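*Asks:* Got a file for you: upload.pdb, PDB, C-alpha atoms and all ligand atoms.
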ATOM      1  CA  MET A   1      -2.978   1.380  -0.251  1.00  0.00           C
ATOM      2  CA  ASN A   2      -5.846   1.696  -2.717  1.00  0.00           C
ATOM      3  CA  TYR A   3      -5.947   0.348  -6.234  1.00  0.00           C
ATOM      4  CA  THR A   4      -8.427   0.095  -9.047  1.00  0.00           C
ATOM      5  CA  SER A   5      -8.223  -3.074 -11.093  1.00  0.00           C
ATOM      6  CA  LYS A   6      -9.805  -3.269 -14.509  1.00  0.00           C
ATOM      7  CA  SER A   7      -9.098  -6.922 -15.233  1.00  0.00           C
ATOM      8  CA  GLU A   8      -8.254 -10.238 -13.651  1.00  0.00           C
ATOM      9  CA  GLN A   9      -4.680  -9.785 -14.876  1.00  0.00           C
ATOM     10  CA  GLN A  10      -4.418  -6.369 -13.208  1.00  0.00           C
ATOM     11  CA  THR A  11      -5.582  -7.858  -9.921  1.00  0.00           C
ATOM     12  CA  LYS A  12      -2.834 -10.455 -10.206  1.00  0.00           C
ATOM     13  CA  ASP A  13      -0.307  -7.732 -11.002  1.00  0.00           C
ATOM     14  CA  ILE A  14      -1.370  -5.829  -7.863  1.00  0.00           C
ATOM     15  CA  ALA A  15      -0.873  -9.060  -5.917  1.00  0.00           C
ATOM     16  CA  LYS A  16       2.583  -9.428  -7.447  1.00  0.00           C
ATOM     17  CA  ASP A  17       3.592  -5.961  -6.293  1.00  0.00           C
ATOM     18  CA  PHE A  18       2.262  -6.717  -2.837  1.00  0.00           C
ATOM     19  CA  VAL A  19       4.361  -9.891  -2.665  1.00  0.00           C
ATOM     20  CA  LYS A  20       7.522  -7.780  -2.779  1.00  0.00           C
ATOM     21  CA  THR A  21       6.688  -6.592   0.756  1.00  0.00           C
ATOM     22  CA  LEU A  22       6.330 -10.108   2.210  1.00  0.00           C
ATOM     23  CA  LYS A  23       8.988 -11.696   4.398  1.00  0.00           C
ATOM     24  CA  GLY A  24       7.193 -14.774   5.716  1.00  0.00           C
ATOM     25  CA  GLY A  25       4.882 -15.175   8.689  1.00  0.00           C
ATOM     26  CA  GLU A  26       2.147 -13.013   7.189  1.00  0.00           C
ATOM     27  CA  VAL A  27      -1.520 -13.779   7.773  1.00  0.00           C
ATOM     28  CA  ILE A  28      -3.624 -12.074   5.127  1.00  0.00           C
ATOM     29  CA  GLU A  29      -7.363 -11.796   5.437  1.00  0.00           C
ATOM     30  CA  LEU A  30      -9.239 -11.369   2.162  1.00  0.00           C
ATOM     31  CA  ILE A  31     -12.589  -9.634   2.436  1.00  0.00           C
ATOM     32  CA  GLY A  32     -15.122  -9.314  -0.365  1.00  0.00           C
ATOM     33  CA  ASP A  33     -18.302 -10.716  -1.840  1.00  0.00           C
ATOM     34  CA  LEU A  34     -18.626 -13.916  -3.825  1.00  0.00           C
ATOM     35  CA  GLY A  35     -16.794 -13.418  -7.093  1.00  0.00           C
ATOM     36  CA  ALA A  36     -14.967 -10.307  -5.892  1.00  0.00           C
ATOM     37  CA  GLY A  37     -11.585 -11.727  -6.851  1.00  0.00           C
ATOM     38  CA  LYS A  38     -10.124 -13.049  -3.599  1.00  0.00           C
ATOM     39  CA  THR A  39      -9.015 -16.318  -5.156  1.00  0.00           C
ATOM     40  CA  VAL A  40      -7.651 -14.454  -8.189  1.00  0.00           C
ATOM     41  CA  PHE A  41      -5.544 -12.353  -5.795  1.00  0.00           C
ATOM     42  CA  VAL A  42      -4.164 -15.496  -4.119  1.00  0.00           C
ATOM     43  CA  ARG A  43      -3.400 -16.908  -7.570  1.00  0.00           C
ATOM     44  CA  GLY A  44      -1.377 -13.753  -8.238  1.00  0.00           C
ATOM     45  CA  ILE A  45       0.547 -14.266  -4.990  1.00  0.00           C
ATOM     46  CA  VAL A  46       1.405 -17.882  -5.826  1.00  0.00           C
ATOM     47  CA  GLU A  47       2.374 -16.975  -9.401  1.00  0.00           C
ATOM     48  CA  ALA A  48       4.567 -14.164  -8.118  1.00  0.00           C
ATOM     49  CA  PHE A  49       6.747 -16.783  -6.444  1.00  0.00           C
ATOM     50  CA  GLY A  50       7.225 -18.490  -9.785  1.00  0.00           C
ATOM     51  CA  SER A  51       4.968 -21.414  -9.030  1.00  0.00           C
ATOM     52  CA  ASP A  52       2.889 -22.709 -11.895  1.00  0.00           C
ATOM     53  CA  ALA A  53       0.501 -24.475  -9.530  1.00  0.00           C
ATOM     54  CA  ARG A  54      -3.099 -23.866 -10.442  1.00  0.00           C
ATOM     55  CA  VAL A  55      -4.698 -22.192  -7.431  1.00  0.00           C
ATOM     56  CA  LYS A  56      -8.242 -23.396  -6.989  1.00  0.00           C
ATOM     57  CA  SER A  57     -10.665 -22.404  -4.333  1.00  0.00           C
ATOM     58  CA  PRO A  58     -10.141 -24.781  -1.397  1.00  0.00           C
ATOM     59  CA  THR A  59     -13.863 -25.101  -1.015  1.00  0.00           C
ATOM     60  CA  PHE A  60     -14.029 -28.790  -0.238  1.00  0.00           C
ATOM     61  CA  THR A  61     -10.621 -29.177   1.326  1.00  0.00           C
ATOM     62  CA  ILE A  62     -10.746 -25.931   3.383  1.00  0.00           C
ATOM     63  CA  MET A  63      -7.015 -25.499   3.025  1.00  0.00           C
ATOM     64  CA  ASN A  64      -4.483 -25.867   0.232  1.00  0.00           C
ATOM     65  CA  GLU A  65      -0.742 -25.483   0.537  1.00  0.00           C
ATOM     66  CA  TYR A  66       1.515 -24.435  -2.325  1.00  0.00           C
ATOM     67  CA  PRO A  67       5.252 -24.915  -1.931  1.00  0.00           C
ATOM     68  CA  VAL A  68       7.214 -21.984  -3.351  1.00  0.00           C
ATOM     69  CA  ARG A  69      10.866 -21.033  -3.557  1.00  0.00           C
ATOM     70  CA  GLY A  70      10.985 -17.532  -2.230  1.00  0.00           C
ATOM     71  CA  GLU A  71      14.101 -16.395  -0.416  1.00  0.00           C
ATOM     72  CA  LYS A  72      12.229 -16.470   2.882  1.00  0.00           C
ATOM     73  CA  VAL A  73       8.779 -17.715   1.918  1.00  0.00           C
ATOM     74  CA  LYS A  74       8.536 -21.447   1.353  1.00  0.00           C
ATOM     75  CA  LYS A  75       4.815 -22.024   1.176  1.00  0.00           C
ATOM     76  CA  ILE A  76       1.548 -20.274   0.534  1.00  0.00           C
ATOM     77  CA  VAL A  77      -1.338 -21.489   2.659  1.00  0.00           C
ATOM     78  CA  HIS A  78      -4.771 -20.827   1.187  1.00  0.00           C
ATOM     79  CA  ILE A  79      -7.728 -21.188   3.536  1.00  0.00           C
ATOM     80  CA  ASP A  80     -11.389 -20.602   2.682  1.00  0.00           C
ATOM     81  CA  LEU A  81     -13.916 -20.831   5.479  1.00  0.00           C
ATOM     82  CA  TYR A  82     -16.975 -20.225   3.304  1.00  0.00           C
ATOM     83  CA  ARG A  83     -18.284 -23.758   3.439  1.00  0.00           C
ATOM     84  CA  PHE A  84     -16.525 -24.668   6.636  1.00  0.00           C
ATOM     85  CA  ASN A  85     -19.639 -24.927   8.709  1.00  0.00           C
ATOM     86  CA  ASN A  86     -18.210 -26.245  11.913  1.00  0.00           C
ATOM     87  CA  ALA A  87     -16.375 -23.561  13.852  1.00  0.00           C
ATOM     88  CA  SER A  88     -15.227 -26.040  16.469  1.00  0.00           C
ATOM     89  CA  GLN A  89     -13.318 -27.891  13.760  1.00  0.00           C
ATOM     90  CA  LEU A  90     -11.147 -24.838  13.274  1.00  0.00           C
ATOM     91  CA  SER A  91      -8.852 -26.003  16.030  1.00  0.00           C
ATOM     92  CA  ALA A  92      -8.416 -29.249  14.119  1.00  0.00           C
ATOM     93  CA  LEU A  93      -6.662 -27.234  11.449  1.00  0.00           C
ATOM     94  CA  GLU A  94      -3.782 -26.767  13.912  1.00  0.00           C
ATOM     95  CA  LEU A  95      -3.138 -23.301  12.633  1.00  0.00           C
ATOM     96  CA  ASP A  96       0.042 -22.909  14.671  1.00  0.00           C
ATOM     97  CA  GLU A  97       1.612 -25.712  12.699  1.00  0.00           C
ATOM     98  CA  VAL A  98       0.275 -24.504   9.401  1.00  0.00           C
ATOM     99  CA  ILE A  99       1.075 -20.820   9.747  1.00  0.00           C
ATOM    100  CA  THR A 100       4.808 -20.553  10.266  1.00  0.00           C
ATOM    101  CA  ASP A 101       7.655 -18.073   9.823  1.00  0.00           C
ATOM    102  CA  ASP A 102       8.240 -19.224   6.278  1.00  0.00           C
ATOM    103  CA  SER A 103       4.606 -19.275   5.208  1.00  0.00           C
ATOM    104  CA  VAL A 104       2.222 -16.706   3.839  1.00  0.00           C
ATOM    105  CA  ALA A 105      -1.359 -17.512   4.825  1.00  0.00           C
ATOM    106  CA  CYS A 106      -4.236 -16.171   2.739  1.00  0.00           C
ATOM    107  CA  ILE A 107      -7.670 -16.536   4.280  1.00  0.00           C
ATOM    108  CA  GLU A 108     -10.982 -16.051   2.488  1.00  0.00           C
ATOM    109  CA  TRP A 109     -14.100 -15.493   4.600  1.00  0.00           C
ATOM    110  CA  PRO A 110     -12.144 -15.265   7.904  1.00  0.00           C
ATOM    111  CA  ASP A 111     -15.120 -13.761   9.723  1.00  0.00           C
ATOM    112  CA  ILE A 112     -17.799 -16.161   8.538  1.00  0.00           C
ATOM    113  CA  PHE A 113     -18.324 -17.237  12.163  1.00  0.00           C
ATOM    114  CA  GLY A 114     -18.733 -13.674  13.346  1.00  0.00           C
ATOM    115  CA  GLU A 115     -15.283 -13.094  14.695  1.00  0.00           C
ATOM    116  CA  SER A 116     -12.067 -13.982  12.974  1.00  0.00           C
ATOM    117  CA  PRO A 117     -10.050 -16.619  14.890  1.00  0.00           C
ATOM    118  CA  PHE A 118      -6.909 -15.418  13.133  1.00  0.00           C
ATOM    119  CA  PHE A 119      -4.351 -12.762  13.991  1.00  0.00           C
ATOM    120  CA  PRO A 120      -3.998 -11.034  10.663  1.00  0.00           C
ATOM    121  CA  THR A 121      -1.032  -8.939   9.633  1.00  0.00           C
ATOM    122  CA  HIS A 122      -2.829  -7.684   6.521  1.00  0.00           C
ATOM    123  CA  ARG A 123      -6.362  -7.048   5.431  1.00  0.00           C
ATOM    124  CA  ILE A 124      -7.244  -6.928   1.764  1.00  0.00           C
ATOM    125  CA  GLU A 125     -10.686  -5.748   0.828  1.00  0.00           C
ATOM    126  CA  ILE A 126     -11.944  -6.192  -2.709  1.00  0.00           C
ATOM    127  CA  ASN A 127     -15.068  -4.377  -3.802  1.00  0.00           C
ATOM    128  CA  HIS A 128     -16.934  -5.516  -6.863  1.00  0.00           C
ATOM    129  CA  VAL A 129     -17.730  -2.277  -8.706  1.00  0.00           C
ATOM    130  CA  ASP A 130     -18.547  -3.473 -12.190  1.00  0.00           C
ATOM    131  CA  GLU A 131     -18.198  -6.598 -14.280  1.00  0.00           C
ATOM    132  CA  GLU A 132     -14.439  -6.156 -14.461  1.00  0.00           C
ATOM    133  CA  ILE A 133     -13.745  -3.211 -12.165  1.00  0.00           C
ATOM    134  CA  ARG A 134     -12.582  -3.870  -8.622  1.00  0.00           C
ATOM    135  CA  GLU A 135     -11.505  -1.485  -5.884  1.00  0.00           C
ATOM    136  CA  ILE A 136      -8.754  -3.111  -3.866  1.00  0.00           C
ATOM    137  CA  GLU A 137      -7.596  -1.834  -0.497  1.00  0.00           C
ATOM    138  CA  ILE A 138      -4.505  -3.312   1.090  1.00  0.00           C
ATOM    139  CA  GLU A 139      -4.016  -2.559   4.753  1.00  0.00           C
ATOM    140  CA  ASN A 140      -0.922  -3.463   6.735  1.00  0.00           C
ATOM    141  CA  LEU A 141      -2.084  -4.140  10.295  1.00  0.00           C
ATOM    142  CA  SER A 142       1.279  -4.890  11.875  1.00  0.00           C
TER     143      SER A 142
HETATM  144  N1  LIG A 201     -10.668  -6.934 -12.111  1.00  0.00           N
HETATM  145  C1  LIG A 201     -10.876  -8.218 -11.765  1.00  0.00           C
HETATM  146  N2  LIG A 201     -10.164  -8.761 -10.745  1.00  0.00           N
HETATM  147  C2  LIG A 201     -10.394 -10.028 -10.344  1.00  0.00           C
HETATM  148  N3  LIG A 201     -11.288 -10.868 -10.906  1.00  0.00           N
HETATM  149  C3  LIG A 201     -12.024 -10.374 -11.932  1.00  0.00           C
HETATM  150  C4  LIG A 201     -11.848  -9.043 -12.392  1.00  0.00           C
HETATM  151  N4  LIG A 201     -12.721  -8.830 -13.418  1.00  0.00           N
HETATM  152  C5  LIG A 201     -13.402  -9.960 -13.570  1.00  0.00           C
HETATM  153  N5  LIG A 201     -12.991 -10.905 -12.686  1.00  0.00           N
HETATM  154  C6  LIG A 201     -13.588 -12.253 -12.562  1.00  0.00           C
HETATM  155  O1  LIG A 201     -14.233 -12.327 -11.311  1.00  0.00           O
HETATM  156  C7  LIG A 201     -14.107 -13.640 -10.790  1.00  0.00           C
HETATM  157  C8  LIG A 201     -13.445 -13.629  -9.421  1.00  0.00           C
HETATM  158  O2  LIG A 201     -13.521 -14.912  -8.907  1.00  0.00           O
HETATM  159  P1  LIG A 201     -12.827 -15.387  -7.576  1.00  0.00           P
HETATM  160  O3  LIG A 201     -12.996 -16.856  -7.516  1.00  0.00           O
HETATM  161  O4  LIG A 201     -11.451 -14.845  -7.477  1.00  0.00           O
HETATM  162  O5  LIG A 201     -13.747 -14.688  -6.473  1.00  0.00           O
HETATM  163  P2  LIG A 201     -13.713 -14.886  -4.895  1.00  0.00           P
HETATM  164  O6  LIG A 201     -13.686 -13.518  -4.299  1.00  0.00           O
HETATM  165  O7  LIG A 201     -12.619 -15.813  -4.528  1.00  0.00           O
HETATM  166  O8  LIG A 201     -15.142 -15.527  -4.622  1.00  0.00           O
HETATM  167  P3  LIG A 201     -15.587 -16.646  -3.543  1.00  0.00           P
HETATM  168  O9  LIG A 201     -15.992 -15.913  -2.281  1.00  0.00           O
HETATM  169  O10 LIG A 201     -16.755 -17.301  -4.202  1.00  0.00           O
HETATM  170  O11 LIG A 201     -14.449 -17.579  -3.303  1.00  0.00           O
HETATM  171  C9  LIG A 201     -13.314 -14.446 -11.798  1.00  0.00           C
HETATM  172  O12 LIG A 201     -14.209 -15.133 -12.639  1.00  0.00           O
HETATM  173  C10 LIG A 201     -12.565 -13.371 -12.584  1.00  0.00           C
HETATM  174  O13 LIG A 201     -12.275 -13.752 -13.915  1.00  0.00           O
HETATM  175 MG    MG A 202     -12.553 -17.616  -3.599  1.00  0.00          MG
END
Write the structure described by the file as structure tokens, please.
*Replies:*
Amino acid sequence: MNYTSKSEQQTKDIAKDFVKTLKGGEVIELIGDLGAGKTVFVRGIVEAFGSDARVKSPTFTIMNEYPVRGEKVKKIVHIDLYRFNNASQLSALELDEVITDDSVACIEWPDIFGESPFFPTHRIEINHVDEEIREIEIENLS
């Protein structure tokens, strides 16, 4: 699916529509340059579940978890590998325990180490066209 977003709010609205297709267990890779809007998209996902948690880039913590009250989805896991400079530490994240049937995992910079260690169900690519214009492509890989 391809979208054009003309504002931060529109990107969140696209994320909200996308959430309607989620059933839990999804692993979503977010691809795009710095400032493309990956974190904004994740914020839209968390807001779509009615959470008023403020989604911030998990730059220093690597991973943030947001509990939500979806019918099937109980938490959003937000991972950002941008400043995660030790690939061998990835196993310390214990992804199997973090990514579960009732979670939706959103991963920024999954391929920063060359090859993604994840098994994504979705790939979302955001291209920075203009100050406020973004092309967003949502691909279902499963
Ligand atoms: N159409 C748009 N969609 C999303 N964000 C937009 C849009 N127009 C402008 N912006 C701005 O672009 C910025 C996107 O920042 P965001 O933190 O989401 O980027 P990111 O892709 O997560 O970058 P990083 O790789 O540094 O984490 C925000 O400041 C947001 O307000
Ligand atoms: Mg980000």
*Asks:* Give as a short mmCIF file (atom, residue, chain, number, x, y, z; two decimals) with C-alpha atoms, keeping the file's coordinate frame the residues surrounding ligand LIG 201 (chain A) up to a distance of 6 Å, considering all atoms listed in the file.
*Replies:*
data_model
loop_
_atom_site.label_atom_id
_atom_site.label_comp_id
_atom_site.auth_asym_id
_atom_site.auth_seq_id
_atom_site.Cartn_x
_atom_site.Cartn_y
_atom_site.Cartn_z
CA SER A 5 -8.22 -3.07 -11.09
CA LYS A 6 -9.80 -3.27 -14.51
CA SER A 7 -9.10 -6.92 -15.23
CA GLU A 8 -8.25 -10.24 -13.65
CA THR A 11 -5.58 -7.86 -9.92
CA GLY A 32 -15.12 -9.31 -0.36
CA ASP A 33 -18.30 -10.72 -1.84
CA LEU A 34 -18.63 -13.92 -3.82
CA GLY A 35 -16.79 -13.42 -7.09
CA ALA A 36 -14.97 -10.31 -5.89
CA GLY A 37 -11.58 -11.73 -6.85
CA LYS A 38 -10.12 -13.05 -3.60
CA THR A 39 -9.02 -16.32 -5.16
CA VAL A 40 -7.65 -14.45 -8.19
CA GLU A 131 -18.20 -6.60 -14.28
CA GLU A 132 -14.44 -6.16 -14.46
CA ILE A 133 -13.74 -3.21 -12.16
CA ARG A 134 -12.58 -3.87 -8.62
#
*Asks:* Quick one: of A:Asp13, A:Asp80, A:Glu65, A:Glu139, who's nearest to Val104 in chain A, counting only C-alpha atoms?
*Replies:*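 Among the listed residues, the smallest separation from Val104 in chain A belongs to A:Glu65.
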*Asks:* Check the smallest atom-to-atom distance from each of A:Glu125, A:Glu108, A:Glu71, A:Asp96 to ligand MG 202 (chain A) using only C-alpha atoms and all ligand atoms, then report the winner.
*Replies:*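 Selected residue with least distance to ligand MG 202 (chain A): A:Glu108.
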*Asks:* What gap, in Å, lies between CA of Tyr66 in chain A and CA of Ile124 in chain A?
*Replies:*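 About the pair CA of Tyr66 in chain A and CA of Ile124 in chain A: they are 20.0 Å apart.
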*Asks:* Report, in Å with one decimal, the straight-line distance from CA of Pro117 in chain A to CA of Ala105 in chain A.
*Replies:* 13.3 Å
*Asks:* Apply the PyMOL selection byres (((chain A and resi 112) around 9) and not hetatm) to the displayed file and report the matching residues as JSON, numbers by chain.
*Replies:* {"A": [81, 82, 84, 85, 109, 110, 111, 113, 114, 115, 116]}
*Asks:* Check what the PyMOL selection byres (((chain A and resi 49-52) around 7) and not hetatm) selects in the file above and give those residues as a list in words.
*Replies:*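 After applying the PyMOL selection byres (((chain A and resi 49-52) around 7) and not hetatm), what remains is Ile45, Val46, Glu47, Ala48, Ala53, Arg54, Val68, Arg69 and Gly70 of chain A.
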